[in-house]
Structure formats: structure tokens, C-alpha cells
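Text of the file structure.txt, holding compact mmCIF, C-alpha atoms:
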```
# COMPACT_ATOMS: atom_id res chain seq x y z
CA MET H 1 -17.86 20.59 -13.12
CA GLU H 2 -20.62 19.71 -10.63
CA ASN H 3 -23.10 18.92 -13.40
CA ASP H 4 -20.43 16.96 -15.27
CA LEU H 5 -19.73 14.83 -12.21
CA LYS H 6 -23.41 14.28 -11.53
CA SER H 7 -23.79 13.04 -15.12
CA VAL H 8 -20.84 10.64 -14.78
CA LEU H 9 -22.20 9.31 -11.49
CA SER H 10 -25.67 8.85 -12.96
CA GLU H 11 -24.47 7.24 -16.18
CA SER H 12 -22.25 4.87 -14.16
CA GLY H 13 -25.20 3.83 -12.03
CA PHE H 14 -23.48 5.02 -8.87
CA GLY H 15 -25.44 5.52 -5.65
CA PHE H 16 -24.02 7.30 -2.59
CA LYS H 17 -23.45 5.04 0.41
CA LYS H 18 -23.91 6.70 3.77
CA LYS H 19 -21.79 4.08 5.56
CA PHE H 20 -18.69 5.27 3.64
CA GLY H 21 -19.26 8.96 4.42
CA GLN H 22 -19.13 9.92 0.75
CA ASN H 23 -19.10 13.66 0.06
CA PHE H 24 -17.40 14.67 -3.19
CA ILE H 25 -15.79 17.99 -4.16
CA THR H 26 -16.42 19.43 -7.60
CA ASP H 27 -15.10 23.01 -7.46
CA LYS H 28 -11.83 23.18 -9.43
CA ASN H 29 -10.56 26.24 -7.54
CA LEU H 30 -11.09 24.51 -4.20
CA LEU H 31 -9.40 21.32 -5.43
CA SER H 32 -6.44 23.29 -6.71
CA SER H 33 -6.23 25.22 -3.44
CA ILE H 34 -6.15 22.05 -1.34
CA VAL H 35 -3.28 20.64 -3.39
CA SER H 36 -1.46 23.97 -3.30
CA ARG H 37 -1.76 24.23 0.51
CA SER H 38 -0.29 20.72 0.83
CA GLY H 39 2.98 21.97 -0.67
CA VAL H 40 3.48 18.91 -2.90
CA ASP H 41 5.36 19.32 -6.17
CA GLU H 42 6.46 17.39 -9.25
CA ASN H 43 9.01 15.38 -7.23
CA ASP H 44 6.52 14.02 -4.71
CA THR H 45 4.64 10.76 -4.40
CA VAL H 46 1.21 11.28 -2.85
CA VAL H 47 -1.02 8.79 -1.05
CA GLU H 48 -4.71 9.65 -1.13
CA ILE H 49 -7.15 7.91 1.21
CA GLY H 50 -10.77 7.68 0.08
CA CYS H 51 -10.48 9.05 -3.45
CA GLY H 52 -14.24 8.95 -4.07
CA ALA H 53 -15.07 10.16 -7.55
CA GLY H 54 -11.44 11.09 -8.28
CA THR H 55 -11.79 14.86 -8.53
CA LEU H 56 -9.11 15.52 -5.90
CA THR H 57 -7.03 12.64 -7.28
CA LYS H 58 -6.90 14.33 -10.66
CA ALA H 59 -5.93 17.68 -9.14
CA ILE H 60 -3.11 16.00 -7.22
CA ALA H 61 -1.92 14.10 -10.30
CA GLU H 62 -1.58 17.38 -12.22
CA ARG H 63 0.95 18.62 -9.68
CA CYS H 64 2.95 15.63 -8.43
CA LYS H 65 5.03 12.71 -9.72
CA ARG H 66 2.74 9.87 -8.65
CA VAL H 67 -0.59 9.36 -6.85
CA ILE H 68 -1.61 6.13 -5.14
CA ALA H 69 -5.28 6.49 -4.26
CA PHE H 70 -7.01 4.07 -1.91
CA GLU H 71 -10.76 3.54 -2.19
CA ILE H 72 -12.99 1.10 -0.35
CA ASP H 73 -16.06 1.33 -2.63
CA THR H 74 -15.55 -0.85 -5.71
CA SER H 75 -18.76 0.50 -7.30
CA LEU H 76 -16.74 3.66 -8.08
CA LYS H 77 -14.57 1.79 -10.63
CA PRO H 78 -16.54 2.93 -13.72
CA VAL H 79 -16.67 6.48 -12.37
CA LEU H 80 -12.92 6.62 -11.77
CA GLU H 81 -12.17 5.17 -15.19
CA ARG H 82 -13.80 8.27 -16.65
CA THR H 83 -12.73 10.99 -14.20
CA LEU H 84 -9.08 9.83 -14.20
CA ALA H 85 -8.83 9.23 -17.94
CA GLY H 86 -5.46 10.57 -19.09
CA ALA H 87 -4.02 10.76 -15.56
CA ASP H 88 -1.36 8.13 -16.22
CA ASN H 89 0.50 8.86 -12.97
CA ALA H 90 -2.56 8.01 -10.84
CA GLU H 91 -3.14 4.49 -9.54
CA VAL H 92 -6.30 3.45 -7.70
CA VAL H 93 -6.09 0.64 -5.16
CA PHE H 94 -9.46 -0.74 -4.06
CA LYS H 95 -8.62 -1.55 -0.48
CA ASP H 96 -9.43 -0.33 3.03
CA PHE H 97 -6.39 1.76 4.00
CA LEU H 98 -6.81 0.79 7.65
CA LYS H 99 -5.97 -2.79 6.59
CA VAL H 100 -2.96 -1.84 4.48
CA ASP H 101 0.47 -3.10 5.57
CA LEU H 102 2.08 0.33 5.85
CA GLU H 103 5.62 -1.00 6.26
CA LYS H 104 5.31 -2.95 3.01
CA LEU H 105 3.78 0.02 1.18
CA GLU H 106 6.55 2.33 2.31
CA ARG H 107 9.24 -0.10 1.16
CA GLU H 108 7.70 0.10 -2.29
CA ILE H 109 7.09 3.86 -2.60
CA GLY H 110 9.69 5.53 -0.34
CA SER H 111 8.92 8.95 1.13
CA TYR H 112 5.48 10.42 0.43
CA CYS H 113 2.85 12.94 1.45
CA VAL H 114 -0.80 12.27 2.23
CA VAL H 115 -3.45 14.49 0.65
CA ALA H 116 -7.05 13.45 1.21
CA ASN H 117 -10.66 14.36 1.79
CA LEU H 118 -11.00 11.92 4.66
CA PRO H 119 -14.24 10.06 5.35
CA TYR H 120 -15.40 11.62 8.62
CA TYR H 121 -16.10 8.34 10.39
CA VAL H 122 -12.50 7.11 10.17
CA THR H 123 -10.57 10.38 10.50
CA THR H 124 -8.92 9.68 13.85
CA PRO H 125 -7.95 6.02 13.17
CA LEU H 126 -6.43 6.95 9.80
CA ILE H 127 -4.36 9.84 11.16
CA THR H 128 -3.29 7.75 14.15
CA LYS H 129 -2.27 4.80 11.93
CA ILE H 130 0.02 6.97 9.83
CA LEU H 131 1.59 8.95 12.67
CA GLU H 132 2.19 5.82 14.78
CA GLN H 133 3.29 3.38 12.08
CA SER H 134 4.81 5.42 9.27
CA LYS H 135 8.54 5.86 8.86
CA SER H 136 8.53 7.87 5.63
CA CYS H 137 5.42 10.09 5.55
CA LYS H 138 6.46 13.74 5.34
CA SER H 139 3.09 15.43 5.80
CA LEU H 140 -0.66 14.92 5.88
CA THR H 141 -2.98 17.52 4.35
CA VAL H 142 -6.48 16.35 5.09
CA MET H 143 -10.02 17.64 4.83
CA VAL H 144 -11.89 16.86 8.05
CA GLN H 145 -14.93 18.06 9.97
CA GLU H 146 -14.31 21.61 11.17
CA GLU H 147 -14.85 20.51 14.77
CA VAL H 148 -12.19 17.80 14.38
CA ALA H 149 -9.81 20.28 12.75
CA GLU H 150 -10.15 22.59 15.76
CA ARG H 151 -9.39 19.65 18.04
CA LEU H 152 -6.27 18.62 16.10
CA CYS H 153 -4.84 22.13 16.31
CA ALA H 154 -6.07 23.21 19.77
CA ASN H 155 -4.01 24.82 22.52
CA ALA H 156 -3.88 23.43 26.05
CA ASP H 157 -6.59 24.53 28.48
CA THR H 158 -9.24 25.04 25.81
CA PRO H 159 -12.45 23.02 25.34
CA GLU H 160 -11.17 21.59 22.03
CA TYR H 161 -7.90 20.29 23.50
CA GLY H 162 -7.80 16.53 24.02
CA ALA H 163 -5.64 13.42 23.97
CA ILE H 164 -5.43 13.38 20.16
CA THR H 165 -4.10 16.97 20.18
CA ALA H 166 -1.28 16.19 22.60
CA VAL H 167 -0.40 12.87 20.97
CA ILE H 168 -0.11 14.48 17.53
CA ALA H 169 2.02 17.30 18.93
CA LEU H 170 4.71 14.80 19.95
CA CYS H 171 5.59 14.12 16.32
CA ALA H 172 3.89 16.71 14.10
CA SER H 173 2.95 20.37 13.93
CA ALA H 174 -0.69 21.04 13.01
CA GLU H 175 -2.36 24.02 11.39
CA ILE H 176 -5.68 24.77 9.72
CA VAL H 177 -4.82 25.97 6.22
CA LYS H 178 -8.34 26.38 4.78
CA ARG H 179 -11.99 26.51 5.88
CA VAL H 180 -14.51 24.83 3.59
CA PRO H 181 -18.28 25.40 3.85
CA ARG H 182 -20.66 22.45 3.50
CA THR H 183 -22.05 23.94 0.29
CA MET H 184 -18.89 22.85 -1.57
CA PHE H 185 -19.76 19.14 -1.44
CA ILE H 186 -22.17 16.77 -3.15
CA PRO H 187 -24.17 15.54 -1.41
CA ARG H 188 -24.08 18.39 1.09
CA PRO H 189 -23.00 17.23 4.59
CA ASN H 190 -24.54 18.58 7.79
CA VAL H 191 -21.32 20.25 8.95
CA ASP H 192 -18.62 22.55 7.63
CA SER H 193 -15.10 21.27 7.02
CA ALA H 194 -11.52 22.47 7.23
CA VAL H 195 -8.21 21.43 5.71
CA VAL H 196 -5.51 20.63 8.27
CA LYS H 197 -1.84 20.23 7.44
CA LEU H 198 0.20 18.02 9.74
CA THR H 199 3.93 18.38 9.12
CA VAL H 200 5.68 15.31 10.48
CA GLN H 201 8.65 16.08 12.73
CA ARG H 202 9.85 12.94 14.51
CA GLY H 203 11.16 13.80 17.98
CA ARG H 204 9.52 17.23 17.80
CA ILE H 205 9.06 17.10 21.56
CA PRO H 206 11.91 15.13 23.16
CA VAL H 207 10.67 12.28 25.35
CA ARG H 208 12.35 9.15 26.74
CA ASP H 209 9.60 6.74 25.73
CA GLU H 210 7.01 8.02 23.24
CA ALA H 211 4.72 5.00 23.67
CA PHE H 212 4.65 5.47 27.44
CA CYS H 213 4.06 9.20 27.03
CA LYS H 214 0.98 8.43 24.94
CA LYS H 215 -0.28 6.19 27.76
CA VAL H 216 0.17 9.07 30.20
CA ILE H 217 -1.71 11.42 27.88
CA HIS H 218 -4.60 9.01 27.41
CA ALA H 219 -4.68 8.41 31.17
CA ALA H 220 -4.91 12.15 31.80
CA PHE H 221 -8.01 12.35 29.61
CA ALA H 222 -9.57 9.08 30.80
CA SER H 223 -12.14 11.13 32.67
CA ARG H 224 -12.15 14.87 31.95
CA ARG H 225 -14.15 15.57 35.10
CA LYS H 226 -11.46 14.04 37.31
CA THR H 227 -8.18 15.64 38.31
CA LEU H 228 -4.94 14.49 36.73
CA GLU H 229 -3.93 12.99 40.07
CA ASN H 230 -7.07 10.84 40.23
CA ASN H 231 -6.66 9.67 36.64
CA LEU H 232 -3.02 8.69 37.21
CA VAL H 233 -3.96 6.75 40.34
CA ASN H 234 -6.83 4.94 38.61
CA VAL H 235 -5.07 4.11 35.35
CA PHE H 236 -1.54 3.26 36.54
CA LYS H 237 -2.59 1.79 39.91
CA ILE H 238 -0.07 3.89 41.83
CA THR H 239 -0.53 5.47 45.22
CA ARG H 240 -1.94 8.96 45.52
CA GLU H 241 1.27 10.09 47.20
CA ARG H 242 3.37 8.84 44.27
CA ALA H 243 1.13 10.53 41.71
CA ARG H 244 1.21 13.78 43.66
CA SER H 245 4.99 13.73 44.13
CA ALA H 246 5.48 13.18 40.38
CA MET H 247 3.25 16.14 39.61
CA GLU H 248 5.01 18.34 42.16
CA ALA H 249 8.41 17.37 40.75
CA CYS H 250 7.20 18.59 37.33
CA GLY H 251 5.70 21.81 38.67
CA ILE H 252 2.10 20.69 38.19
CA ASP H 253 -0.51 21.80 40.71
CA SER H 254 -2.15 18.88 42.55
CA LYS H 255 -5.62 20.05 41.51
CA SER H 256 -4.76 20.29 37.79
CA ARG H 257 -6.78 18.47 35.15
CA GLY H 258 -5.25 16.81 32.10
CA GLU H 259 -6.44 19.45 29.64
CA THR H 260 -4.31 22.12 31.36
CA LEU H 261 -1.02 20.38 30.50
CA THR H 262 0.85 21.31 27.33
CA PRO H 263 2.34 18.48 25.24
CA GLU H 264 5.77 19.53 26.56
CA LYS H 265 4.55 19.20 30.16
CA PHE H 266 3.13 15.75 29.38
CA ALA H 267 6.57 14.74 28.09
CA GLN H 268 8.20 15.99 31.29
CA LEU H 269 5.68 14.11 33.47
CA SER H 270 6.06 10.98 31.36
CA ASP H 271 9.85 11.05 31.69
CA PHE H 272 9.60 11.41 35.46
CA LEU H 273 7.06 8.61 35.82
CA SER H 274 8.97 6.23 33.54
CA ILE H 275 12.05 6.58 35.75
CA ASN H 276 10.38 6.65 39.15
CA MET H 277 7.09 4.76 38.93
CA SER H 278 8.61 1.29 39.28
CA MET H 279 10.93 2.27 42.12
```
Now, as a test, write the supplied structure out as C-alpha cells.
Amino acid sequence: MENDLKSVLSESGFGFKKKFGQNFITDKNLLSSIVSRSGVDENDTVVEIGCGAGTLTKAIAERCKRVIAFEIDTSLKPVLERTLAGADNAEVVFKDFLKVDLEKLEREIGSYCVVANLPYYVTTPLITKILEQSKSCKSLTVMVQEEVAERLCANADTPEYGAITAVIALCASAEIVKRVPRTMFIPRPNVDSAVVKLTVQRGRIPVRDEAFCKKVIHAAFASRRKTLENNLVNVFKITRERARSAMEACGIDSKSRGETLTPEKFAQLSDFLSINMSM
């Protein structure tokens, strides 16, 4: 399949563009495995972001009801016309997904799953957009840099744990479902990848004000070298005594740093602060 794709790309006059982070998958077993791990079936509508040469798009189309694939590079049109020939349930939209009106899209398609080999340079904004704005996405199964995958699924008090980990945990469970070596892509990237599945569970961790909780989380990681107390004081402009009393009320040591708090502990701290900070 790799040689076939290379021929299609060459005959279509396509040239890889570094700015779009284009790395295509050609191995049929890997493509099938990604779709299988996503859990989608013949009743599902799938949104793909960054369909590239359409190899994953075709694998998804073989298993689900409908695929809506977004692609930013219009020079891939002749390539996709060939690779998706016969896939009548696949639709390619040449548009930057970050600029898509998600509310309007969801009114048109209803509930859906995301399956994608995400361009590395926009991984975090794309995941954040869906988790923050979507009302009908059931899951995201995405290929990302292995380092990013570890971050998305990290436990508290580990080097990989960060604001994105805790924010995601508020509304989705995350797990690495497959490791993918760099040798599986053309052109070959400089890093290995992994497939992460995020299963959306709204209200997974109960919190009074999710938006405020996210502010608390981002504040906690504003400077990893500073204590949580210092970050709360600096970001929220509250007194040191108030920050310390909030932490004590939640059973958090005054010398703790943000990365030691679990998502559940962040929710507890957020609830306390939202009630007491303005008093």
C-alpha cells in the first residue's frame, strides 16, 4: 500500500508541506487497528480532522455509517479523489477545523465520534476545542506524539502531569490504546506516536463551576517551580492567608505544588474558592 500511495501522490503532483505536519499512514493493519480501538460501528457518524491522503478515512468509512473528514490542504483534492473512490459515505470538507462553527456542525450531524491522526502542531487546541465546545461528541480516538499521549493520560505527581491532564479529566477518561513507531509513517517523523482514546463523560468529576475550576488548574501550573499557594496569590490576587486557609480547608499542605493535586482535589479546591474567595 505504501508504494501505491507514493505513486498516487507523485502522479497527483503532491508535495508534503511541513507547516501542516503531514505524516501519512499506509499500513492497512495499523489503520484497521486504530478504527477498531475507537469502538465505532455501522451506526456511528465519525468526524476526522486532518484526513491527509485519506488512508485512515477509507478505513473508517468501511466500518461506520458516515465520515466527515476535514482537511486544510486543498492540494490533496486529486489525491483524495483517487484514494476515496467508492467510499460513498465519506465526505471531505476543505476547511480548518479550528475555524469550524461546532454548534452548527453538531446541529447537522447529531452525536458523533472523532477518529484522527492529528497534526502534531495543533493537537492541544483541537482536543480543547472539542472538549470545551462540543455537546454531542461521544469520544475522541486520536494519534498524537507519544510524549503528548503520556501527558494526556498522566497521573498526578508525575513529570508528565500538567494542566491539560487535569482539565481533560474533568469531562473525559483517557487511555493509551496503541503505540505506533515512527517507521509506520511517510514521511517518517522524528518521534514515535501513540493512539489515545478519550471517552467523554460530562460531569465525570462533580464541580460547581467547571470554567472556574479550569482557571484554578491553569493557575496552579502557571509556574511549576512555585508552590500552589504562590500561584494562587499571583493569579487570583488574593492574600496569602486566604490562599493558605483554602488549601488547609481542602487538606492540601501549604508547601504543595500544583502537580501534586489530583483532578478531584482541584475540583474540591475550586468549589471552596468559588464560595469563599469573594467573601
> Using all atoms listed in the file, which of H:Asn276, H:Thr158, H:Ser111, H:Asn231 sits nearest Leu261 (chain H)?
Replying inline: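 So, comparing all the options, the nearest one is H:Thr158.
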>> Report as a VMD selection string all protein, DNA and RNA residues lying within 12 Å of region 193-197 of chain H, evaluated on all atoms listed in the file, omitting residues in the same chain fewer than 4 positions from it.
In response: chain H and resid 23 25 30 to 31 33 to 40 113 to 120 123 127 138 to 154 168 172 to 185 188 to 189
Would you compute, for all listed atoms of region 109-121 of chain H, the axis-aligned bounding box grown by 5 Å on each side, and then report its centre and edge lengths in Å rounded to one decimal, as lines of an AutoDock Vina configuration file?
```
center_x = -3.2
center_y = 9.2
center_z = 3.9
size_x = 35.8
size_y = 20.6
size_z = 23.0
```
> If we count all atoms listed in the file, what is near Ala61 (chain H) at a cut-off of 7 Å, once residues fewer than 3 positions away on the same chain are taken out, given as a PyMOL selection string?
Replying inline: chain H and resi 57-58+64+66-67+87+89-90
>> Under the rule that only C-alpha atoms are counted, which of H:Leu273, H:Leu98, H:Met247, H:Val216 is the nearest residue to Glu229 (chain H)?
In response: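 Closest to Glu229 (chain H) of all the choices is H:Met247.
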>> Between CA of Val92 (chain H) and CA of Arg63 (chain H), what is the distance in Å, rounded to a tenth?
In response: 16.9 Å
>> Need the shell around region 69-84 of chain H: protein/DNA/RNA residues with any atom at most 7 Å away, counting all atoms listed in the file. Skip same-chain ones fewer than 2 positions apart. Format as a list in words?
In response: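 Listed by chain and then number, they are Val8, Leu9, Ser12, Phe14, Val47, Glu48, Ile49, Gly50, Cys51, Gly52, Ala53, Gly54, Thr55, Lys58, Val67, Gly86, Ala87, Glu91, Val92, Val93, Phe94, Lys95, Asp96 and Phe97 of chain H.
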Expected file contents, prior selection, C-alpha atoms, as an mmCIF file, in the coordinates of the input:
```cif
data_model
loop_
_atom_site.group_PDB
_atom_site.id
_atom_site.type_symbol
_atom_site.label_atom_id
_atom_site.label_comp_id
_atom_site.auth_asym_id
_atom_site.auth_seq_id
_atom_site.Cartn_x
_atom_site.Cartn_y
_atom_site.Cartn_z
ATOM 1 C CA VAL H 8 -20.840 10.640 -14.780
ATOM 2 C CA LEU H 9 -22.200 9.310 -11.490
ATOM 3 C CA SER H 12 -22.250 4.870 -14.160
ATOM 4 C CA PHE H 14 -23.480 5.020 -8.870
ATOM 5 C CA VAL H 47 -1.020 8.790 -1.050
ATOM 6 C CA GLU H 48 -4.710 9.650 -1.130
ATOM 7 C CA ILE H 49 -7.150 7.910 1.210
ATOM 8 C CA GLY H 50 -10.770 7.680 0.080
ATOM 9 C CA CYS H 51 -10.480 9.050 -3.450
ATOM 10 C CA GLY H 52 -14.240 8.950 -4.070
ATOM 11 C CA ALA H 53 -15.070 10.160 -7.550
ATOM 12 C CA GLY H 54 -11.440 11.090 -8.280
ATOM 13 C CA THR H 55 -11.790 14.860 -8.530
ATOM 14 C CA LYS H 58 -6.900 14.330 -10.660
ATOM 15 C CA VAL H 67 -0.590 9.360 -6.850
ATOM 16 C CA GLY H 86 -5.460 10.570 -19.090
ATOM 17 C CA ALA H 87 -4.020 10.760 -15.560
ATOM 18 C CA GLU H 91 -3.140 4.490 -9.540
ATOM 19 C CA VAL H 92 -6.300 3.450 -7.700
ATOM 20 C CA VAL H 93 -6.090 0.640 -5.160
ATOM 21 C CA PHE H 94 -9.460 -0.740 -4.060
ATOM 22 C CA LYS H 95 -8.620 -1.550 -0.480
ATOM 23 C CA ASP H 96 -9.430 -0.330 3.030
ATOM 24 C CA PHE H 97 -6.390 1.760 4.000
#
```
> For Asp44 (chain H), which residue out of H:Glu264, H:Glu62, H:Glu160, H:Glu132 is the nearest one, using all atoms listed in the file?
Replying inline: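 Closest residue, counting all atoms listed in the file: H:Glu62.
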> Need the neighbours of (1.8, 19.2, 45.0): which residues are at most 12 Å away, counting all atoms listed in the file, as a PyMOL selection string?
Replying inline: chain H and resi 228-229+240-256
